[in-house]
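One structure is given below, encoded as structure tokens.
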Amino acid sequence: MTVRLIPYLVMNGNAKEAIKFYENALDAQVLYMQSFEEGPENPEYPLPEDAKDRVMHATLKVGETELMFSDTFPGQPHQSGNQVTICISTKDPEKARKMYDALQEGGKVNMPLQETFFSPAYGNVTDKFGVEFQIYTEGKH
């Protein structure tokens with residue numbers, strides 16, 4: 001049996017914007033995306049107008065892994081922060097640099113991409129959505 005860990009990012013009404021951003025920054029592909037409006041109707045709980053366009057569930061393929069997304073339902077609490085950190089691992093330093101540069105746009109550099117004792121190119125960035133990424137390049141050290 002195979003077990004995978006899939007980071008799941010819950011956004012505050014801006015999941016579509018985040019998905020588009022990660023598609024470009026991580027060279028990702030949208031595998032699935034469904035809005036609340038596209039879900040099954042429940043006559044006992046009519047869908048509020050401001051919920052219809054929000055993402056109920058989405059899956060992006062990034063390399064050989066996946067990222068999942070949803071929006072909060074209007075009125076639900078949401079907290080941006082470091083509750084989820086995603087480590088992107090690659091053997092290609094150029095790809096590491098490209099993703100690092102894209103993710104820091106509008107975000108905050110926590111550690112510049114640099115050679116360390118454990119990686120030829122490692123860096124840490126919090127993107128413009130408050131998601132923290134570790135960019136780790138595999139290599140001999």
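Lettering and numbering for the structure tokens are positional, with chains as A, B, ... in the shown order, residues counted from 1 in each chain, and ligands counted from 1 in the shown order.
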
(message) Please list as a PyMOL selection string every residue within 10 Å of His57 (chain A), counting only C-alpha atoms and excluding residues in the same chain fewer than 4 positions away.
(response) chain A and resi 8+10+15+32-36+39+68-71

(request) Enter the distance from CA of Asp92 (chain A) to CA of Gly63 (chain A), in Å, rounded to one decimal. (result)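 We find that CA of Asp92 (chain A) and CA of Gly63 (chain A) lie 12.4 Å from each other.
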
(request) Extract the full set of helix (DSSP H, G or I) residues from chain A according to DSSP on the backbone, and format it as a list in words. (result)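 Everything in chain A that counts as helix (DSSP H, G or I) is Ala15, Lys16, Glu17, Ala18, Ile19, Lys20, Phe21, Tyr22, Glu23, Asn24, Ala25, Glu49, Asp50, Ala51, Pro93, Glu94, Lys95, Ala96, Arg97, Lys98, Met99, Tyr100, Asp101, Ala102, Leu103 and Gln104 of chain A.
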
Against region 119-136 of chain A, which residues of region 88-114 of chain A fall within 6 Å? For each one I want the closest pair of atoms and the distance in Å (one decimal), counting only C-alpha atoms, rows by chain and increasing residue number, as CSV.
```
residue,atom,partner,partner_atom,distance
A:Ile88,CA,A:Ile135,CA,5.0
A:Ser89,CA,A:Tyr136,CA,4.8
A:Leu103,CA,A:Asp127,CA,5.4
A:Gln104,CA,A:Asp127,CA,5.5
A:Gly106,CA,A:Lys128,CA,5.0
A:Gly107,CA,A:Asp127,CA,4.2
A:Lys108,CA,A:Thr126,CA,5.1
A:Val109,CA,A:Val125,CA,4.5
A:Asn110,CA,A:Val125,CA,5.1
A:Met111,CA,A:Asn124,CA,4.9
A:Pro112,CA,A:Gly123,CA,5.1
A:Leu113,CA,A:Gly123,CA,3.9
A:Gln114,CA,A:Ala121,CA,4.8
```

(request) Could you tell me how far CA of Leu67 (chain A) lies from CA of Glu38 (chain A), in Å and to one decimal? (result) 20.6 Å
